[in-house]
Number of protein chains: 4
Amino acid sequence: MAGNAFGSIFKLTTFGESHGIAIGGVIDGCPAGIKVDFDAIQFEMNRRKPGQSTIVTQRKEPDTVKFLSGIFEETTTGTPIGFLIENSNQKSKDYTHIKEVFRPSHADYTYSEKYGQRDYRGGGRSSARETACRVVAGALAKQFIKTIKINAYTSAVGEIVLNKSYKELNLANAETNDVRCPDSEVAAQMISKIKAIRKDGDTIGGIISCVIKNVPVGLGEPVFDRLHAQLGKAMLSINAVKGFQYGSGFKGTQLKGSQHNDSFNTNGSTKTNLSGGIQGGISNGMDIYFDVAFKPVATIMKAQDTIDNKGKKIKMQGKGRHDPCVVPRAVPIVEAMAALVLADFVLLNRLTKA
Amino acid sequence: MAGNAFGSIFKLTTFGESHGIAIGGVIDGCPAGIKVDFDAIQFEMNRRKPGQSTIVTQRKEPDTVKFLSGIFEETTTGTPIGFLIENSNQKSKDYTHIKEVFRPSHADYTYSEKYGQRDYRGGGRSSARETACRVVAGALAKQFIKTIKINAYTSAVGEIVLNKSYKELNLANAETNDVRCPDSEVAAQMISKIKAIRKDGDTIGGIISCVIKNVPVGLGEPVFDRLHAQLGKAMLSINAVKGFQYGSGFKGTQLKGSQHNDSFNTNGSTKTNLSGGIQGGISNGMDIYFDVAFKPVATIMKAQDTIDNKGKKIKMQGKGRHDPCVVPRAVPIVEAMAALVLADFVLLNRLTKA
Amino acid sequence: MAGNAFGSIFKLTTFGESHGIAIGGVIDGCPAGIKVDFDAIQFEMNRRKPGQSTIVTQRKEPDTVKFLSGIFEETTTGTPIGFLIENSNQKSKDYTHIKEVFRPSHADYTYSEKYGQRDYRGGGRSSARETACRVVAGALAKQFIKTIKINAYTSAVGEIVLNKSYKELNLANAETNDVRCPDSEVAAQMISKIKAIRKDGDTIGGIISCVIKNVPVGLGEPVFDRLHAQLGKAMLSINAVKGFQYGSGFKGTQLKGSQHNDSFNTNGSTKTNLSGGIQGGISNGMDIYFDVAFKPVATIMKAQDTIDNKGKKIKMQGKGRHDPCVVPRAVPIVEAMAALVLADFVLLNRLTKA
Amino acid sequence: MAGNAFGSIFKLTTFGESHGIAIGGVIDGCPAGIKVDFDAIQFEMNRRKPGQSTIVTQRKEPDTVKFLSGIFEETTTGTPIGFLIENSNQKSKDYTHIKEVFRPSHADYTYSEKYGQRDYRGGGRSSARETACRVVAGALAKQFIKTIKINAYTSAVGEIVLNKSYKELNLANAETNDVRCPDSEVAAQMISKIKAIRKDGDTIGGIISCVIKNVPVGLGEPVFDRLHAQLGKAMLSINAVKGFQYGSGFKGTQLKGSQHNDSFNTNGSTKTNLSGGIQGGISNGMDIYFDVAFKPVATIMKAQDTIDNKGKKIKMQGKGRHDPCVVPRAVPIVEAMAALVLADFVLLNRLTKA
């Protein structure tokens, strides 16, 4: 089926193009009885929105959510929650120059080929603007699973890598700087890097790490819907993501079993946690931690050779206001997707025993 | 829902425990009219089966598939294909010693906590034996999408890493040695490494790389069911997998947009392919390539401290015949899961246009 | 999962309460390339809307659809189609009298018990207002499957029954009178009946029949998703429906096989059609016809004994402007749901052969 | 997707043709911790199996279920339950005469057209033999929801109709006679009728009624997955079913609202129950009751004109041992499908509140 829905019980369906009337979604399966904190939702939206700092795109979009249903007297009713975010700052003229152009490493070509046509304005459906809807739903999911704590942060911008375990960091510091890196020294380097990149009209990739604490034992549905498999899919569904690893990750491939195995304490917790909080696809109560790799944004302010939709060679250059590095704004998106995965598995785990 | 089904149209549901009567599955949604090559299916099974070489577990299981339905006069009929693989070599006594033990970094603890009970024999449902069913279905999927070529191979065993692009390799060579590495020199090192590890009663991780050629443009269903997101989920659902990256992957995070963008040729192909054959979640016709990280097998032939199901400390040691490195036998599993993903998206892509 | 989505490929998810800000939905899986006839959609909306004639509720709601996405330059793009219908005429004060009341044969009690709370205004989610969203999606589905002709009509209002086969009727006449019965004489009796019932402050049930012509052979997915099973579910999901029969229906239970069997013509069509155009759950190309039974509307303008949400006995009387008979306005809803079922099966049938 | 799975959480996938090696299925989502009563499952199988009395087909099939997984030490483990029933009495030669024949009112023609080929032996996948798998799963579902009591019985055979409300009957009597009608006098008439029909080489239709008592309030997932919509789909998915009605059903269309509304008692129960135990698609705790219409079996022992798969006219006559009336053996199938629906909704209802 068309892939615009995520989750099996706590299920988000999104719609909308970057330059249409509005983007939005429906959350079906959100349990009744959650007292909704609208400010907390808007707070998450603000973490993602354009124009929030000097190192992100300077587009101005208020990104205000309008809830249409499913919440009555500030409480969820168990019926589907429809919501929308108007595209107030459409500026469609910015995009007429790409109407017939296939931009390199964008989705212009693949959408055209797949669907036979496309809304070319600003990437249309393939724009990361769609992720605003995920942040809305994720923010609500967080309120449902409120004892579980999800913290994402920037751990690399290009070659500037935060070489510390999350245990050495105060994750709350991530929100104290524009790049959302919890180490202030490294954050400063990252910010300088992004500014230099932007000045050069270029873009740069990065890594977001995420830590989930206070996870109940039992989340995840093997054999296919393992907790980490669904987390991986969630992350890989975010624009520009190229990789996912959890626990020991790619480095764990170099270890021996005798080094990698996590010994138990008598209460079922483990002395080490190379497993990353998941064993056999099911949470074991230890911290879940994972990394998400983001490629550099494809839109650069430099002239590039490309082709138009007739296959003719042309030269083009990015216009408008784009992110030099997607990572700072993607931090709340990673958290939102993690929250959606967990909310779904929390519900599914109610079904395990007779 | 319980997570024992994979795919939306070409859909595999598996069942079975490692030491029950049989494992098996149902493939629903396989199109009618595929002339089934049973030898090709058994060939894939043999690539996965125990005892195939000196560097894998020496258990003897014939792993013969028995098809029960959905194939008539050697041709698929469009009805569900039920199949089973008998557990001929059960040796349940091997496992009585773990009845009340939670083995480190196995799923014993999490299954017990989640379900309140478990079939403890040989890992039960959490055993990688289940993946034999995936190989059956994947082998059939390959026959449906037969113009698409999927080749996986071992690219790392512990610290022995094959530092070559797939373009420099003759992938057909992978099947010429026991470790399934297409570079014979590196293969020899890997095999020595595994033998040494086994002698030591230990285990080691590794990486499998996979290349998919001749992919039609248009596969993948954004925004959530992007081709790489579903591939990632598929790979992460395989036992012992800790990470997935495609195209430029984690290394791509260090690149600039001007380095990373893939310029078009006039026919829509691209000069470089850091995108890994997928743009905006949709295949663009270029090669798809990705890496899958496997942790070391948790069962080691060394004494370990652990606990029993009452939380009492005990000492235990692996028994039986286990893989010192899972990677050689996991190569066909990676291919099978890739085939299932592609078969599903090939079908879904028939639905895109009016 | 929560049940606010219908269809597997051409999939409608609806949201909204009768007295919230708006109702709406998302159509995911609508193929790209359909030139949208917006007037035709509004035409269907007008057939369902309140106030359209003297025998339906006199509420005034324009029921104008606003499309938010998925349509570009008047053509579907293959991306999800979000839409909404504002609740312009909310009149919430009409409903404060039922805040703590459980109305007989309404869903007040069951929603309260199931969800622990409810939006009591006008029935909230359980209001038939939700069906407006189905009409939107159904109208679009009709444009996708435009060679298939779906005609529903009123065949009974209370004891006034149209005792003619659809073959004896000119179905186009159904739209020439307010009750949507294609026989003008019977229509007149039905209209008189409804007026008398309304005058009495009461309501009355009825039957809608539906005929689908020009159906391709092959629609339906046995064994569970038989064409008629899905049609039945679709119809039974409409408010107030108590029964469904197709082909020979309940009367067919009295026939012998020798009477009931439909003999073939040499072109595969059948001489009779007691099967109702479906054999083994798959369309055979003959006309599909079925009946849908609607109970009388529960809201009557008479005093009734009931209870409040504390279990206290109270007396209540319907207020506001309600339908004396739901059937005339339900005709387009029946057609819409049939169109959704067929559109889905037309797409699924593309997947049957290799 | 291909339609061989039923249920969203407690999910049955079936496979198998009537004359293949075996039929079987997988139950995924059955909660852990159910102590399985295998005799009770076989008891249900025996109620459905051929040869059980003089008024059903005299084929001999033991219909013994073999469970392959998901049950350990006689208790469900939460993992998928694979099972199969061997086709011991295949007698394929009985069917060679229909290899190239399209039998009237069978699924031969539609399967051939849809899939391009078919297993012609005994109807293949379209045979009602598939329902044996539903009885297995339904029998297990009954053990999960064991406080809910489901009783189906024969209420009509041709024109012999049991004109009594279920409240006037002792439903336990249904199992005391071969036709499964709880009124012994009417049962005797029905049995005579079936014997006369069989003697004549003909078949006859009938109606099964079903009563479900002790249903918790809250089952059903509006707006599309209403309890009665899913029950209706479940019943309509059974071979030979032409209609479904619940509560007041088709007769309720003739009532006024003032007659039809069910007044509340102060404890939330209702004085009458024309609603049939469901309001707004959600169970209200009252008895659920419904009727299922079965057409006469298409295979008759009389010569019929028909066509072959080249469109040539031929004469054919039923051979083998067939049911003169499907209703007596369909009683346990109706119960099984009802049990599957309820088990699913019982699980889903755990997800309603935060």
# chains A, B, ... in the order shown; residues from 1 in each chain; ligands from 1
$ interface_residues --of "chain D" --to "chain A" --cutoff "12 Å" --atoms "only C-alpha atoms" --output "VMD selection string"
chain D and resid 1 to 2 8 to 10 28 to 36 75 to 80 141 143 to 146 221 to 223 343 to 354
$ residues_around --residues "range 153-155 of chain C" --least-positions-apart "5" --cutoff "9 Å" --atoms "only C-alpha atoms" --output "PDB file with C-alpha atoms, in the first residue's frame"
ATOM      1  CA  ILE C 160     -43.762   0.493   1.294  1.00  0.00           C
ATOM      2  CA  VAL C 161     -41.657  -1.828  -0.759  1.00  0.00           C
ATOM      3  CA  LEU C 162     -40.661  -1.529  -4.386  1.00  0.00           C
ATOM      4  CA  ASN C 163     -41.454  -5.024  -5.575  1.00  0.00           C
ATOM      5  CA  LYS C 164     -39.613  -4.935  -8.863  1.00  0.00           C
ATOM      6  CA  LEU C 171     -32.433   3.512 -12.470  1.00  0.00           C
ATOM      7  CA  ALA C 174     -34.026   7.589  -8.929  1.00  0.00           C
ATOM      8  CA  GLU C 175     -32.606  11.091  -8.960  1.00  0.00           C
ATOM      9  CA  VAL C 179     -36.770   9.820  -1.965  1.00  0.00           C
ATOM     10  CA  ARG C 180     -34.566   8.423  -4.752  1.00  0.00           C
ATOM     11  CA  CYS C 181     -36.887   5.619  -5.787  1.00  0.00           C
ATOM     12  CA  PRO C 182     -36.810   4.968  -9.550  1.00  0.00           C
ATOM     13  CA  VAL C 186     -43.902   4.076  -5.331  1.00  0.00           C
ATOM     14  CA  ALA C 187     -41.725   7.119  -4.758  1.00  0.00           C
ATOM     15  CA  GLY C 206     -35.953   1.457   4.826  1.00  0.00           C
ATOM     16  CA  ILE C 207     -33.920  -0.449   2.283  1.00  0.00           C
ATOM     17  CA  ILE C 208     -31.443   0.736  -0.317  1.00  0.00           C
ATOM     18  CA  SER C 209     -30.690  -1.452  -3.297  1.00  0.00           C
ATOM     19  CA  CYS C 210     -27.605  -1.044  -5.388  1.00  0.00           C
ATOM     20  CA  VAL C 211     -26.669  -2.277  -8.840  1.00  0.00           C
ATOM     21  CA  ASP C 291     -29.677  -4.707  -0.609  1.00  0.00           C
ATOM     22  CA  VAL C 327     -32.601   6.336   3.387  1.00  0.00           C
ATOM     23  CA  PRO C 328     -32.842   9.145   0.811  1.00  0.00           C
ATOM     24  CA  ALA C 330     -27.896   7.359   2.386  1.00  0.00           C
ATOM     25  CA  VAL C 331     -28.166   6.472  -1.305  1.00  0.00           C
ATOM     26  CA  PRO C 332     -24.959   8.335  -2.248  1.00  0.00           C
TER      27      PRO C 332
END
$ residues_around --residues "range 46-51 of chain B" --least-positions-apart "6" --cutoff "8 Å" --atoms "only C-alpha atoms" --output "list of chain:residue names"
B:Thr57, B:Gln58, B:Arg59, B:Lys60, B:Glu61, B:Pro62, B:Asp63, B:Ala132, B:Val135, B:Arg329, B:Ala330, B:Val331, B:Pro332, B:Ile333
$ write_last_selection --atoms "N, CA, C and O atoms" --output "mmCIF file, in the first residue's frame"
data_model
loop_
_atom_site.group_PDB
_atom_site.id
_atom_site.type_symbol
_atom_site.label_atom_id
_atom_site.label_comp_id
_atom_site.auth_asym_id
_atom_site.auth_seq_id
_atom_site.Cartn_x
_atom_site.Cartn_y
_atom_site.Cartn_z
ATOM 1 N N THR B 57 28.686 -24.011 12.163
ATOM 2 C CA THR B 57 28.227 -25.037 13.091
ATOM 3 C C THR B 57 28.166 -26.397 12.409
ATOM 4 O O THR B 57 27.770 -26.501 11.249
ATOM 5 N N GLN B 58 28.538 -27.430 13.156
ATOM 6 C CA GLN B 58 28.584 -28.779 12.582
ATOM 7 C C GLN B 58 27.286 -29.556 12.808
ATOM 8 O O GLN B 58 27.228 -30.752 12.574
ATOM 9 N N ARG B 59 26.241 -28.845 13.242
ATOM 10 C CA ARG B 59 24.951 -29.534 13.317
ATOM 11 C C ARG B 59 24.585 -30.054 11.934
ATOM 12 O O ARG B 59 24.902 -29.450 10.918
ATOM 13 N N LYS B 60 23.873 -31.165 11.920
ATOM 14 C CA LYS B 60 23.418 -31.714 10.642
ATOM 15 C C LYS B 60 21.911 -31.527 10.532
ATOM 16 O O LYS B 60 21.142 -32.135 11.287
ATOM 17 N N GLU B 61 21.502 -30.676 9.649
ATOM 18 C CA GLU B 61 20.068 -30.522 9.374
ATOM 19 C C GLU B 61 19.908 -30.462 7.869
ATOM 20 O O GLU B 61 20.505 -29.615 7.213
ATOM 21 N N PRO B 62 19.118 -31.365 7.302
ATOM 22 C CA PRO B 62 19.017 -31.373 5.832
ATOM 23 C C PRO B 62 18.314 -30.121 5.315
ATOM 24 O O PRO B 62 18.569 -29.653 4.218
ATOM 25 N N ASP B 63 17.440 -29.553 6.123
ATOM 26 C CA ASP B 63 16.728 -28.341 5.727
ATOM 27 C C ASP B 63 16.080 -28.488 4.364
ATOM 28 O O ASP B 63 16.293 -27.682 3.446
ATOM 29 N N ALA B 132 15.593 -19.766 8.143
ATOM 30 C CA ALA B 132 15.491 -20.712 7.024
ATOM 31 C C ALA B 132 14.215 -20.463 6.228
ATOM 32 O O ALA B 132 14.196 -20.572 4.999
ATOM 33 N N VAL B 135 14.652 -17.711 3.823
ATOM 34 C CA VAL B 135 15.410 -18.101 2.637
ATOM 35 C C VAL B 135 14.500 -18.786 1.614
ATOM 36 O O VAL B 135 14.599 -18.544 0.410
ATOM 37 N N ARG B 329 26.989 -17.865 6.872
ATOM 38 C CA ARG B 329 25.662 -18.437 6.643
ATOM 39 C C ARG B 329 24.591 -17.356 6.500
ATOM 40 O O ARG B 329 23.472 -17.638 6.042
ATOM 41 N N ALA B 330 24.891 -16.133 6.915
ATOM 42 C CA ALA B 330 23.884 -15.068 6.836
ATOM 43 C C ALA B 330 23.831 -14.416 5.459
ATOM 44 O O ALA B 330 22.883 -13.689 5.152
ATOM 45 N N VAL B 331 24.832 -14.686 4.618
ATOM 46 C CA VAL B 331 24.826 -14.082 3.274
ATOM 47 C C VAL B 331 23.535 -14.392 2.512
ATOM 48 O O VAL B 331 22.871 -13.481 2.002
ATOM 49 N N PRO B 332 23.104 -15.656 2.436
ATOM 50 C CA PRO B 332 21.844 -15.916 1.722
ATOM 51 C C PRO B 332 20.621 -15.338 2.424
ATOM 52 O O PRO B 332 19.608 -15.084 1.770
ATOM 53 N N ILE B 333 20.712 -15.127 3.730
ATOM 54 C CA ILE B 333 19.573 -14.539 4.452
ATOM 55 C C ILE B 333 19.428 -13.069 4.064
ATOM 56 O O ILE B 333 18.323 -12.569 3.830
#
$ residues_around --residues "range 114-124 of chain D" --least-positions-apart "3" --cutoff "10 Å" --atoms "only C-alpha atoms" --output "PyMOL selection string"
(chain B and resi 31-33+69-73+75-79) or (chain C and resi 217-221+280+282-284+349-354) or (chain D and resi 16-20+90-103+106-111+127-130+320)
$ atom_distance --atom1 "CA of Thr272 in chain D" --atom2 "CA of Lys233 in chain D"
25.9 Å
$ residues_around --residues "range 234-240 of chain C" --least-positions-apart "6" --cutoff "7 Å" --atoms "only C-alpha atoms" --output "list in words"
Ala128, Val292, Phe294, Lys295, Val334 and Met337 of chain C; Val223, Phe224, Asp225, Arg226, His228 and Ala229 of chain D
$ closest_atom_pairs --of "range 290-354 of chain C" --to "range 262-270 of chain D" --cutoff "10 Å" --atoms "only C-alpha atoms" --output "JSON lines"
{"residue": "C:Ala298", "atom": "CA", "partner": "D:Asp262", "partner_atom": "CA", "distance": 9.3}
{"residue": "C:Gln304", "atom": "CA", "partner": "D:Ser263", "partner_atom": "CA", "distance": 8.1}
{"residue": "C:Asp305", "atom": "CA", "partner": "D:Ser263", "partner_atom": "CA", "distance": 6.8}
{"residue": "C:Thr306", "atom": "CA", "partner": "D:Phe264", "partner_atom": "CA", "distance": 5.6}
{"residue": "C:Ile307", "atom": "CA", "partner": "D:Thr266", "partner_atom": "CA", "distance": 6.3}
{"residue": "C:Asp308", "atom": "CA", "partner": "D:Thr266", "partner_atom": "CA", "distance": 8.6}
{"residue": "C:Asn309", "atom": "CA", "partner": "D:Gly268", "partner_atom": "CA", "distance": 9.1}
{"residue": "C:Lys310", "atom": "CA", "partner": "D:Thr266", "partner_atom": "CA", "distance": 8.5}
{"residue": "C:Gly311", "atom": "CA", "partner": "D:Thr266", "partner_atom": "CA", "distance": 4.7}
{"residue": "C:Lys312", "atom": "CA", "partner": "D:Thr266", "partner_atom": "CA", "distance": 6.2}
{"residue": "C:Lys313", "atom": "CA", "partner": "D:Thr266", "partner_atom": "CA", "distance": 6.5}
{"residue": "C:Ile314", "atom": "CA", "partner": "D:Thr266", "partner_atom": "CA", "distance": 9.9}
$ select_by_dssp --residues "range 141-201 of chain D" --states "alpha helix (DSSP H)" --output "PyMOL selection string"
chain D and resi 141-144+184-199
$ decode --residues "range 73-175 of chain C" --atoms "C-alpha atoms" --output "PDB file, in the first residue's frame"
ATOM      1  CA  GLU C  73      -2.946  21.209 -11.636  1.00  0.00           C
ATOM      2  CA  GLU C  74      -6.277  19.383 -11.173  1.00  0.00           C
ATOM      3  CA  THR C  75      -4.637  15.972 -11.453  1.00  0.00           C
ATOM      4  CA  THR C  76      -3.868  13.414  -8.775  1.00  0.00           C
ATOM      5  CA  THR C  77      -0.149  13.072  -8.151  1.00  0.00           C
ATOM      6  CA  GLY C  78      -0.054   9.734  -6.357  1.00  0.00           C
ATOM      7  CA  THR C  79       0.620  11.409  -3.019  1.00  0.00           C
ATOM      8  CA  PRO C  80      -1.943  11.346  -0.212  1.00  0.00           C
ATOM      9  CA  ILE C  81      -5.022  13.482  -0.718  1.00  0.00           C
ATOM     10  CA  GLY C  82      -5.920  15.363   2.431  1.00  0.00           C
ATOM     11  CA  PHE C  83      -9.279  17.077   2.559  1.00  0.00           C
ATOM     12  CA  LEU C  84     -11.620  18.683   5.000  1.00  0.00           C
ATOM     13  CA  ILE C  85     -15.186  19.838   5.351  1.00  0.00           C
ATOM     14  CA  GLU C  86     -15.732  22.576   7.859  1.00  0.00           C
ATOM     15  CA  ASN C  87     -18.505  22.292  10.385  1.00  0.00           C
ATOM     16  CA  SER C  88     -19.940  25.695   9.593  1.00  0.00           C
ATOM     17  CA  ASN C  89     -23.237  25.286  11.351  1.00  0.00           C
ATOM     18  CA  GLN C  90     -22.206  23.846  14.658  1.00  0.00           C
ATOM     19  CA  LYS C  91     -25.025  25.077  16.931  1.00  0.00           C
ATOM     20  CA  SER C  92     -23.441  23.399  19.905  1.00  0.00           C
ATOM     21  CA  LYS C  93     -26.045  24.710  22.268  1.00  0.00           C
ATOM     22  CA  ASP C  94     -28.534  22.340  20.678  1.00  0.00           C
ATOM     23  CA  TYR C  95     -26.725  19.546  22.388  1.00  0.00           C
ATOM     24  CA  THR C  96     -26.009  20.697  25.914  1.00  0.00           C
ATOM     25  CA  HIS C  97     -29.208  18.970  27.014  1.00  0.00           C
ATOM     26  CA  ILE C  98     -27.704  15.602  26.160  1.00  0.00           C
ATOM     27  CA  LYS C  99     -24.320  16.138  27.819  1.00  0.00           C
ATOM     28  CA  GLU C 100     -25.090  13.721  30.605  1.00  0.00           C
ATOM     29  CA  VAL C 101     -27.804  11.739  28.914  1.00  0.00           C
ATOM     30  CA  PHE C 102     -27.586   8.341  27.279  1.00  0.00           C
ATOM     31  CA  ARG C 103     -30.071   8.495  24.412  1.00  0.00           C
ATOM     32  CA  PRO C 104     -31.816   5.193  23.644  1.00  0.00           C
ATOM     33  CA  SER C 105     -30.367   3.263  20.701  1.00  0.00           C
ATOM     34  CA  HIS C 106     -27.651   5.861  20.186  1.00  0.00           C
ATOM     35  CA  ALA C 107     -23.965   5.261  20.783  1.00  0.00           C
ATOM     36  CA  ASP C 108     -23.757   7.538  23.832  1.00  0.00           C
ATOM     37  CA  TYR C 109     -23.582   4.705  26.330  1.00  0.00           C
ATOM     38  CA  THR C 110     -21.204   2.487  24.376  1.00  0.00           C
ATOM     39  CA  TYR C 111     -18.773   5.308  23.554  1.00  0.00           C
ATOM     40  CA  SER C 112     -18.747   6.425  27.176  1.00  0.00           C
ATOM     41  CA  GLU C 113     -18.065   2.936  28.404  1.00  0.00           C
ATOM     42  CA  LYS C 114     -15.468   2.140  25.777  1.00  0.00           C
ATOM     43  CA  TYR C 115     -13.434   5.335  25.865  1.00  0.00           C
ATOM     44  CA  GLY C 116     -14.199   6.649  29.363  1.00  0.00           C
ATOM     45  CA  GLN C 117     -15.348   9.934  27.856  1.00  0.00           C
ATOM     46  CA  ARG C 118     -16.873  11.333  24.708  1.00  0.00           C
ATOM     47  CA  ASP C 119     -17.591  14.415  22.712  1.00  0.00           C
ATOM     48  CA  TYR C 120     -21.306  14.496  23.426  1.00  0.00           C
ATOM     49  CA  ARG C 121     -22.115  17.282  20.971  1.00  0.00           C
ATOM     50  CA  GLY C 122     -24.438  15.867  18.354  1.00  0.00           C
ATOM     51  CA  GLY C 123     -23.196  12.355  18.688  1.00  0.00           C
ATOM     52  CA  GLY C 124     -19.592  13.398  18.161  1.00  0.00           C
ATOM     53  CA  ARG C 125     -17.741  10.757  16.236  1.00  0.00           C
ATOM     54  CA  SER C 126     -20.734   8.442  16.084  1.00  0.00           C
ATOM     55  CA  SER C 127     -22.730  10.965  14.072  1.00  0.00           C
ATOM     56  CA  ALA C 128     -23.519  10.081  10.482  1.00  0.00           C
ATOM     57  CA  ARG C 129     -21.906  13.373   9.564  1.00  0.00           C
ATOM     58  CA  GLU C 130     -18.703  11.351   9.245  1.00  0.00           C
ATOM     59  CA  THR C 131     -20.130   9.708   6.148  1.00  0.00           C
ATOM     60  CA  ALA C 132     -19.671  12.966   4.227  1.00  0.00           C
ATOM     61  CA  CYS C 133     -15.985  12.088   4.090  1.00  0.00           C
ATOM     62  CA  ARG C 134     -16.828   8.738   2.579  1.00  0.00           C
ATOM     63  CA  VAL C 135     -18.812  10.469  -0.135  1.00  0.00           C
ATOM     64  CA  VAL C 136     -15.796  12.627  -1.006  1.00  0.00           C
ATOM     65  CA  ALA C 137     -13.526   9.624  -1.302  1.00  0.00           C
ATOM     66  CA  GLY C 138     -16.145   7.562  -3.070  1.00  0.00           C
ATOM     67  CA  ALA C 139     -16.704  10.305  -5.628  1.00  0.00           C
ATOM     68  CA  LEU C 140     -13.011  10.286  -6.407  1.00  0.00           C
ATOM     69  CA  ALA C 141     -12.968   6.487  -6.539  1.00  0.00           C
ATOM     70  CA  LYS C 142     -15.781   6.640  -9.107  1.00  0.00           C
ATOM     71  CA  GLN C 143     -13.566   8.831 -11.276  1.00  0.00           C
ATOM     72  CA  PHE C 144     -10.808   6.250 -11.084  1.00  0.00           C
ATOM     73  CA  ILE C 145     -13.046   3.316 -12.040  1.00  0.00           C
ATOM     74  CA  LYS C 146     -15.166   5.312 -14.398  1.00  0.00           C
ATOM     75  CA  THR C 147     -16.236   2.515 -16.699  1.00  0.00           C
ATOM     76  CA  ILE C 148     -17.947   0.759 -13.805  1.00  0.00           C
ATOM     77  CA  LYS C 149     -21.441   2.085 -13.166  1.00  0.00           C
ATOM     78  CA  ILE C 150     -22.811   2.124  -9.622  1.00  0.00           C
ATOM     79  CA  ASN C 151     -26.458   2.978  -9.024  1.00  0.00           C
ATOM     80  CA  ALA C 152     -28.155   2.845  -5.658  1.00  0.00           C
ATOM     81  CA  TYR C 153     -31.778   3.666  -5.022  1.00  0.00           C
ATOM     82  CA  THR C 154     -34.424   3.477  -2.344  1.00  0.00           C
ATOM     83  CA  SER C 155     -36.321   0.210  -2.575  1.00  0.00           C
ATOM     84  CA  ALA C 156     -38.287   0.338   0.672  1.00  0.00           C
ATOM     85  CA  VAL C 157     -39.471   2.878   3.212  1.00  0.00           C
ATOM     86  CA  GLY C 158     -41.079   1.077   6.088  1.00  0.00           C
ATOM     87  CA  GLU C 159     -43.697  -1.241   4.649  1.00  0.00           C
ATOM     88  CA  ILE C 160     -43.762   0.493   1.294  1.00  0.00           C
ATOM     89  CA  VAL C 161     -41.657  -1.828  -0.759  1.00  0.00           C
ATOM     90  CA  LEU C 162     -40.661  -1.529  -4.386  1.00  0.00           C
ATOM     91  CA  ASN C 163     -41.454  -5.024  -5.575  1.00  0.00           C
ATOM     92  CA  LYS C 164     -39.613  -4.935  -8.863  1.00  0.00           C
ATOM     93  CA  SER C 165     -36.334  -6.304 -10.033  1.00  0.00           C
ATOM     94  CA  TYR C 166     -33.788  -3.683 -10.963  1.00  0.00           C
ATOM     95  CA  LYS C 167     -34.090  -4.946 -14.520  1.00  0.00           C
ATOM     96  CA  GLU C 168     -37.619  -3.638 -14.745  1.00  0.00           C
ATOM     97  CA  LEU C 169     -36.573  -0.163 -13.625  1.00  0.00           C
ATOM     98  CA  ASN C 170     -34.949   2.839 -15.204  1.00  0.00           C
ATOM     99  CA  LEU C 171     -32.433   3.512 -12.470  1.00  0.00           C
ATOM    100  CA  ALA C 172     -31.727   7.009 -13.766  1.00  0.00           C
ATOM    101  CA  ASN C 173     -35.174   7.957 -12.510  1.00  0.00           C
ATOM    102  CA  ALA C 174     -34.026   7.589  -8.929  1.00  0.00           C
ATOM    103  CA  GLU C 175     -32.606  11.091  -8.960  1.00  0.00           C
TER     104      GLU C 175
END
